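The file data_17.txt contains compact mmCIF, C-alpha atoms:
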```txt
# COMPACT_ATOMS: atom_id res chain seq x y z
CA LEU A 1 89.89 6.47 -35.48
CA ALA A 2 86.58 5.47 -37.01
CA LYS A 3 84.33 8.22 -38.31
CA THR A 4 81.26 8.97 -36.21
CA THR A 5 77.95 10.68 -36.96
CA GLN A 6 75.78 12.36 -34.32
CA PRO A 7 72.81 14.72 -34.36
CA ILE A 8 73.91 18.34 -34.27
CA SER A 9 71.52 19.31 -31.51
CA MET A 10 68.80 18.04 -29.19
CA ASP A 11 66.34 19.73 -26.87
CA SER A 12 64.92 18.37 -23.65
CA TYR A 13 63.22 19.40 -20.44
CA GLU A 14 64.33 18.91 -16.89
CA GLY A 15 63.53 15.49 -15.50
CA GLN A 16 63.36 13.74 -18.86
CA GLU A 17 65.60 10.93 -20.06
CA VAL A 18 67.76 11.89 -23.02
CA ASN A 19 69.19 9.45 -25.53
CA ILE A 20 71.88 10.55 -27.98
CA THR A 21 72.73 8.10 -30.75
CA CYS A 22 76.07 7.87 -32.52
CA SER A 23 76.68 5.97 -35.77
CA HIS A 24 80.05 4.35 -36.38
CA ASN A 25 79.69 1.91 -39.26
CA ASN A 26 83.43 1.37 -39.69
CA ILE A 27 84.21 0.45 -36.10
CA ALA A 28 87.10 -1.98 -35.79
CA THR A 29 87.25 -5.08 -33.62
CA ASN A 30 89.62 -3.46 -31.10
CA ASP A 31 87.79 -0.14 -30.93
CA TYR A 32 86.05 1.17 -27.84
CA ILE A 33 83.28 3.76 -27.83
CA THR A 34 83.97 6.78 -25.67
CA TRP A 35 81.87 9.82 -24.85
CA TYR A 36 83.13 13.20 -23.73
CA GLN A 37 81.13 16.09 -22.32
CA GLN A 38 81.98 19.75 -22.78
CA PHE A 39 80.43 22.60 -20.84
CA PRO A 40 80.63 26.15 -22.20
CA SER A 41 84.05 27.72 -21.75
CA GLN A 42 85.59 24.46 -20.50
CA GLY A 43 87.63 21.69 -22.05
CA PRO A 44 85.99 18.30 -22.73
CA ARG A 45 85.91 15.71 -19.99
CA PHE A 46 85.41 11.95 -20.13
CA ILE A 47 82.00 10.63 -19.10
CA ILE A 48 81.71 6.99 -20.19
CA GLN A 49 83.29 4.26 -22.30
CA GLY A 50 82.12 0.83 -23.46
CA TYR A 51 82.88 -2.04 -25.82
CA LYS A 52 79.60 -3.96 -26.09
CA THR A 53 76.20 -4.40 -24.45
CA LYS A 54 75.60 -1.91 -21.64
CA VAL A 55 77.77 0.16 -19.37
CA THR A 56 76.50 2.31 -16.53
CA ASN A 57 78.19 4.75 -14.20
CA GLU A 58 76.99 7.47 -11.86
CA VAL A 59 76.53 9.92 -14.73
CA ALA A 60 75.18 7.99 -17.73
CA SER A 61 74.53 4.69 -19.44
CA LEU A 62 75.90 3.52 -22.73
CA PHE A 63 74.00 1.02 -24.87
CA ILE A 64 75.83 -0.81 -27.65
CA PRO A 65 74.03 -3.30 -29.93
CA ALA A 66 75.58 -6.57 -30.97
CA ASP A 67 76.84 -5.28 -34.34
CA ARG A 68 78.46 -2.26 -32.60
CA LYS A 69 77.75 -0.01 -35.58
CA SER A 70 75.99 2.46 -33.34
CA SER A 71 75.75 3.38 -29.70
CA THR A 72 73.37 5.36 -27.51
CA LEU A 73 74.32 7.59 -24.62
CA SER A 74 71.50 7.77 -22.10
CA LEU A 75 71.26 10.56 -19.53
CA PRO A 76 68.59 9.85 -16.91
CA ARG A 77 66.46 12.67 -15.56
CA VAL A 78 68.45 15.54 -17.02
CA SER A 79 68.80 18.87 -15.26
CA LEU A 80 69.74 22.32 -16.49
CA SER A 81 73.36 21.56 -15.61
CA ASP A 82 73.44 18.79 -18.23
CA THR A 83 73.28 21.42 -20.98
CA ALA A 84 76.51 20.74 -22.85
CA VAL A 85 78.02 19.36 -26.03
CA TYR A 86 78.45 15.58 -26.11
CA TYR A 87 81.10 14.00 -28.32
CA CYS A 88 81.21 10.38 -29.44
CA LEU A 89 84.65 8.97 -30.27
CA VAL A 90 85.56 5.51 -31.50
CA GLY A 91 89.00 3.98 -31.34
CA ASP A 92 91.41 2.15 -29.13
CA TYR A 93 94.23 4.54 -28.35
CA GLY A 94 94.18 8.16 -29.44
CA GLY A 95 97.82 8.73 -28.68
CA ALA A 96 99.06 5.61 -30.41
CA THR A 97 97.22 6.59 -33.57
CA ASN A 98 98.52 10.11 -33.01
CA LYS A 99 95.32 12.01 -33.63
CA LEU A 100 92.35 12.36 -31.33
CA ILE A 101 89.77 13.78 -33.71
CA PHE A 102 86.54 15.24 -32.41
CA GLY A 103 83.48 15.63 -34.57
CA THR A 104 81.01 18.46 -34.17
CA GLY A 105 79.28 16.75 -31.25
CA THR A 106 75.67 17.03 -30.12
CA LEU A 107 74.54 20.18 -28.35
CA LEU A 108 72.03 19.19 -25.70
CA ALA A 109 69.89 22.07 -24.47
CA VAL A 110 67.88 21.35 -21.32
CA GLN A 111 65.05 23.73 -20.57
CA PRO A 112 63.11 24.25 -17.32
CA ASN B 1 98.34 17.82 -9.29
CA ALA B 2 97.71 20.88 -11.43
CA GLY B 3 96.86 18.81 -14.51
CA VAL B 4 97.00 20.81 -17.74
CA THR B 5 97.62 24.53 -17.28
CA GLN B 6 97.03 27.02 -20.07
CA THR B 7 98.07 30.65 -20.03
CA PRO B 8 96.83 33.24 -20.64
CA LYS B 9 93.09 32.68 -20.22
CA PHE B 10 92.20 35.65 -22.40
CA GLN B 11 94.16 37.58 -25.03
CA VAL B 12 93.40 40.29 -27.56
CA LEU B 13 95.83 40.74 -30.45
CA LYS B 14 96.02 43.11 -33.35
CA THR B 15 96.30 41.68 -36.84
CA GLY B 16 99.92 40.89 -37.61
CA GLN B 17 101.06 40.58 -34.01
CA SER B 18 102.71 37.45 -32.74
CA MET B 19 102.23 35.61 -29.49
CA THR B 20 102.72 32.27 -27.78
CA LEU B 21 100.02 30.31 -26.00
CA GLN B 22 101.48 28.32 -23.17
CA CYS B 23 100.54 24.78 -22.16
CA ALA B 24 102.13 22.85 -19.32
CA GLN B 25 101.28 19.50 -17.75
CA ASP B 26 102.68 17.88 -14.62
CA MET B 27 101.52 14.31 -15.24
CA ASN B 28 104.54 13.15 -17.25
CA HIS B 29 102.32 12.61 -20.28
CA GLU B 30 104.11 11.86 -23.53
CA TYR B 31 101.26 12.98 -25.78
CA MET B 32 100.20 16.63 -26.01
CA SER B 33 98.01 18.40 -28.53
CA TRP B 34 96.41 21.71 -29.41
CA TYR B 35 92.83 22.23 -30.57
CA ARG B 36 90.87 25.26 -31.63
CA GLN B 37 87.15 25.63 -31.19
CA ASP B 38 85.18 28.22 -33.09
CA PRO B 39 81.72 29.32 -31.95
CA GLY B 40 79.14 26.58 -32.40
CA MET B 41 81.67 24.12 -33.75
CA GLY B 42 83.57 21.12 -32.52
CA LEU B 43 87.24 20.90 -31.69
CA ARG B 44 89.73 20.82 -34.55
CA LEU B 45 93.23 19.44 -34.06
CA ILE B 46 96.02 21.93 -34.86
CA HIS B 47 99.26 20.18 -33.89
CA TYR B 48 100.27 17.32 -31.67
CA SER B 49 103.37 15.78 -30.15
CA VAL B 50 104.17 12.24 -29.02
CA GLY B 51 107.25 13.25 -27.06
CA ALA B 52 110.01 15.79 -26.62
CA GLY B 53 111.48 16.77 -29.97
CA ILE B 54 108.62 15.23 -31.98
CA THR B 55 105.72 17.21 -33.42
CA ASP B 56 103.28 16.72 -36.27
CA GLN B 57 100.41 18.49 -37.97
CA GLY B 58 96.76 17.98 -37.26
CA GLU B 59 93.69 19.02 -39.26
CA VAL B 60 94.26 22.81 -39.33
CA PRO B 61 98.00 23.56 -38.87
CA ASN B 62 98.38 26.62 -41.13
CA GLY B 63 99.36 29.79 -39.28
CA TYR B 64 100.60 27.97 -36.20
CA ASN B 65 103.97 26.63 -35.08
CA VAL B 66 104.80 24.33 -32.20
CA SER B 67 107.86 22.89 -30.54
CA ARG B 68 108.37 20.37 -27.75
CA SER B 69 111.68 20.83 -25.98
CA THR B 70 110.52 19.22 -22.72
CA THR B 71 107.93 16.63 -21.76
CA GLU B 72 106.05 19.18 -19.66
CA ASP B 73 105.61 22.07 -22.11
CA PHE B 74 104.00 22.41 -25.53
CA PRO B 75 103.71 26.07 -26.59
CA LEU B 76 101.65 27.17 -29.61
CA ARG B 77 102.99 30.13 -31.59
CA LEU B 78 101.06 32.49 -33.80
CA LEU B 79 103.65 34.26 -35.94
CA SER B 80 101.32 36.79 -37.58
CA ALA B 81 97.85 36.78 -36.11
CA ALA B 82 94.83 37.02 -38.40
CA PRO B 83 91.15 37.60 -37.54
CA SER B 84 90.44 34.05 -38.74
CA GLN B 85 92.44 32.81 -35.76
CA THR B 86 89.95 34.25 -33.31
CA SER B 87 88.93 31.18 -31.37
CA VAL B 88 89.17 29.30 -28.10
CA TYR B 89 92.29 27.16 -27.89
CA PHE B 90 92.50 23.99 -25.82
CA CYS B 91 95.54 21.97 -24.91
CA ALA B 92 95.24 18.27 -24.06
CA SER B 93 97.61 15.60 -22.83
CA SER B 94 97.67 11.87 -22.19
CA ARG B 95 99.98 8.90 -21.86
CA LEU B 96 100.99 7.74 -25.32
CA THR B 97 99.12 4.46 -25.01
CA GLU B 98 96.22 5.89 -23.04
CA PRO B 99 92.78 4.68 -24.05
CA LEU B 100 90.42 7.32 -25.31
CA TYR B 101 89.09 8.05 -21.84
CA GLY B 102 92.48 9.16 -20.61
CA TYR B 103 92.74 12.61 -22.11
CA THR B 104 93.07 15.65 -19.84
CA PHE B 105 92.17 19.06 -21.22
CA GLY B 106 93.15 22.50 -20.06
CA SER B 107 90.60 25.22 -19.37
CA GLY B 108 91.30 27.04 -22.61
CA THR B 109 92.64 30.34 -23.93
CA ARG B 110 90.15 32.70 -25.51
CA LEU B 111 91.92 34.63 -28.28
CA THR B 112 90.49 37.58 -30.17
CA VAL B 113 92.32 39.04 -33.16
CA VAL B 114 91.15 42.50 -34.22
```
Would you mind giving the structure from this file in structure tokens?
Amino acid sequence: LAKTTQPISMDSYEGQEVNITCSHNNIATNDYITWYQQFPSQGPRFIIQGYKTKVTNEVASLFIPADRKSSTLSLPRVSLSDTAVYYCLVGDYGGATNKLIFGTGTLLAVQP
Amino acid sequence: NAGVTQTPKFQVLKTGQSMTLQCAQDMNHEYMSWYRQDPGMGLRLIHYSVGAGITDQGEVPNGYNVSRSTTEDFPLRLLSAAPSQTSVYFCASSRLTEPLYGYTFGSGTRLTVV
């Protein structure tokens, strides 16, 4: 899996839009970009995945520029319950490459 | 479906004691793995398995043993617990060719070694 770089932490206030950027300069042609969310005392859970341009679901949007060397997770109008660690992963199949490696992630703290 | 079940949820050990953290999944997933997460840090891969009878080391395997006798179960053994192994342990599973979004994690085991 390609190495990723994210900010260690971010602060926001309720109702704001939050954008978390991930750098992945060595992304391969077949790689997808996947984001996981982890709440305190819980295991990570999948939130969004994309290959290029923009992907949107009920939770977040993912923006990927043409060169795919970075990506931005966008959380619209965050609430206190969005306080969590967000992990960016890049690859095609974790199991096939035998190691799903998480980085340190980005701790998002949402304040009232 | 129960998904990935980890037991126990909490455990306190004395230095030098041994114990086994249990992980079971009912999704017929070939791939299973163990992670540890220390306070304020990300998840680090301990061991993983791509099927019954096959295991391999991850990033931080020292002090831990695993075995995979069935598809459903992937226990993690601490032979002689040390305070440095105080952590939260997560088990995850997926189909072997699952894309990165397909991983299911357990709720974790919080281990304290005193």
Under the rule of at most 10 Å, produce a per-residue listing of chain B near chain A: chain, number, name, the closest pair of atoms, and the distance in Å, as JSON lines, using only C-alpha atoms.
```
{"residue": "B:Glu30", "atom": "CA", "partner": "A:Gly95", "partner_atom": "CA", "distance": 8.7}
{"residue": "B:Tyr31", "atom": "CA", "partner": "A:Gly95", "partner_atom": "CA", "distance": 6.2}
{"residue": "B:Met32", "atom": "CA", "partner": "A:Gly95", "partner_atom": "CA", "distance": 8.7}
{"residue": "B:Ser33", "atom": "CA", "partner": "A:Lys99", "partner_atom": "CA", "distance": 8.6}
{"residue": "B:Tyr35", "atom": "CA", "partner": "A:Ile101", "partner_atom": "CA", "distance": 9.5}
{"residue": "B:Gln37", "atom": "CA", "partner": "A:Thr104", "partner_atom": "CA", "distance": 9.9}
{"residue": "B:Gly40", "atom": "CA", "partner": "A:Thr104", "partner_atom": "CA", "distance": 8.5}
{"residue": "B:Met41", "atom": "CA", "partner": "A:Thr104", "partner_atom": "CA", "distance": 5.7}
{"residue": "B:Gly42", "atom": "CA", "partner": "A:Thr104", "partner_atom": "CA", "distance": 4.0}
{"residue": "B:Leu43", "atom": "CA", "partner": "A:Phe102", "partner_atom": "CA", "distance": 5.7}
{"residue": "B:Arg44", "atom": "CA", "partner": "A:Phe102", "partner_atom": "CA", "distance": 6.8}
{"residue": "B:Leu45", "atom": "CA", "partner": "A:Ile101", "partner_atom": "CA", "distance": 6.6}
{"residue": "B:His47", "atom": "CA", "partner": "A:Lys99", "partner_atom": "CA", "distance": 9.1}
{"residue": "B:Tyr48", "atom": "CA", "partner": "A:Lys99", "partner_atom": "CA", "distance": 7.5}
{"residue": "B:Ser49", "atom": "CA", "partner": "A:Asn98", "partner_atom": "CA", "distance": 8.0}
{"residue": "B:Val50", "atom": "CA", "partner": "A:Asn98", "partner_atom": "CA", "distance": 7.2}
{"residue": "B:Asp56", "atom": "CA", "partner": "A:Asn98", "partner_atom": "CA", "distance": 8.8}
{"residue": "B:Gln57", "atom": "CA", "partner": "A:Lys99", "partner_atom": "CA", "distance": 9.3}
{"residue": "B:Gly58", "atom": "CA", "partner": "A:Lys99", "partner_atom": "CA", "distance": 7.1}
{"residue": "B:Glu59", "atom": "CA", "partner": "A:Ile101", "partner_atom": "CA", "distance": 8.6}
{"residue": "B:Val88", "atom": "CA", "partner": "A:Ser41", "partner_atom": "CA", "distance": 8.3}
{"residue": "B:Tyr89", "atom": "CA", "partner": "A:Gly43", "partner_atom": "CA", "distance": 9.3}
{"residue": "B:Phe90", "atom": "CA", "partner": "A:Gly43", "partner_atom": "CA", "distance": 6.6}
{"residue": "B:Cys91", "atom": "CA", "partner": "A:Gly43", "partner_atom": "CA", "distance": 8.4}
{"residue": "B:Ala92", "atom": "CA", "partner": "A:Gly43", "partner_atom": "CA", "distance": 8.6}
{"residue": "B:Ser93", "atom": "CA", "partner": "A:Gly95", "partner_atom": "CA", "distance": 9.0}
{"residue": "B:Ser94", "atom": "CA", "partner": "A:Gly95", "partner_atom": "CA", "distance": 7.2}
{"residue": "B:Arg95", "atom": "CA", "partner": "A:Gly95", "partner_atom": "CA", "distance": 7.2}
{"residue": "B:Leu96", "atom": "CA", "partner": "A:Gly95", "partner_atom": "CA", "distance": 4.7}
{"residue": "B:Thr97", "atom": "CA", "partner": "A:Ala96", "partner_atom": "CA", "distance": 5.5}
{"residue": "B:Glu98", "atom": "CA", "partner": "A:Tyr93", "partner_atom": "CA", "distance": 5.8}
{"residue": "B:Pro99", "atom": "CA", "partner": "A:Tyr93", "partner_atom": "CA", "distance": 4.5}
{"residue": "B:Leu100", "atom": "CA", "partner": "A:Tyr93", "partner_atom": "CA", "distance": 5.6}
{"residue": "B:Tyr101", "atom": "CA", "partner": "A:Phe46", "partner_atom": "CA", "distance": 5.6}
{"residue": "B:Gly102", "atom": "CA", "partner": "A:Phe46", "partner_atom": "CA", "distance": 7.6}
{"residue": "B:Tyr103", "atom": "CA", "partner": "A:Phe46", "partner_atom": "CA", "distance": 7.6}
{"residue": "B:Thr104", "atom": "CA", "partner": "A:Arg45", "partner_atom": "CA", "distance": 7.2}
{"residue": "B:Phe105", "atom": "CA", "partner": "A:Gly43", "partner_atom": "CA", "distance": 5.3}
{"residue": "B:Gly106", "atom": "CA", "partner": "A:Gly43", "partner_atom": "CA", "distance": 5.9}
{"residue": "B:Ser107", "atom": "CA", "partner": "A:Gln42", "partner_atom": "CA", "distance": 5.2}
{"residue": "B:Gly108", "atom": "CA", "partner": "A:Gly43", "partner_atom": "CA", "distance": 6.5}
{"residue": "B:Thr109", "atom": "CA", "partner": "A:Ser41", "partner_atom": "CA", "distance": 9.2}
{"residue": "B:Arg110", "atom": "CA", "partner": "A:Ser41", "partner_atom": "CA", "distance": 8.7}
```
Subject >> Between CA of Lys52 (chain A) and CA of Val18 (chain A), distance in Å (one decimal) >> reply: 20.0 Å
Original post:
What gap, in Å, lies between CA of Asp73 (chain B) and CA of Arg36 (chain B)?
Top reply: 17.8 Å
Original post:
What is the distance between CA of Ile46 (chain B) and CA of Cys22 (chain A), in Å to one decimal?
Top reply: 24.5 Å
Subject >> Pick from A:Asn26, A:Ser70, A:Gln111, A:Ser81 nearest to Gln6 (chain A), counting only C-alpha atoms >> reply: A:Ser70
Let me have the centre and edge lengths of the axis-aligned box enclosing all listed atoms of region 54-64 of chain A with 6 Å padding on every side, in Å to one decimal, as AutoDock Vina command-line options.
```
--center_x 76.1 --center_y 4.0 --center_z -19.8 --size_x 16.2 --size_y 23.8 --size_z 27.8
```
**OP:** Rank nothing, just name the residue among A:Thr4, A:Ser74, A:Ala84, A:Tyr51 nearest to Asn30 (chain A), using only C-alpha atoms.
**Re:**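 Under the stated criterion, the closest residue is A:Tyr51.
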Original post:
What's the 7 Å shell around Leu76 (chain B), counting only C-alpha atoms, without same-chain residues fewer than 2 positions away, as a PyMOL selection string?
Top reply: chain B and resi 20-22+64-66+74+78
Subject >> Distance query Ala109 (chain A) at most 9 Å, all atoms listed in the file, self and fewer than 4 positions along chain excluded, as a list in words >> reply: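 Skipping anything fewer than 4 positions along the chain leaves Ser9, Met10, Asp11, Ser12, Tyr13, Leu80, Asp82, Thr83, Ala84 and Val85 of chain A.
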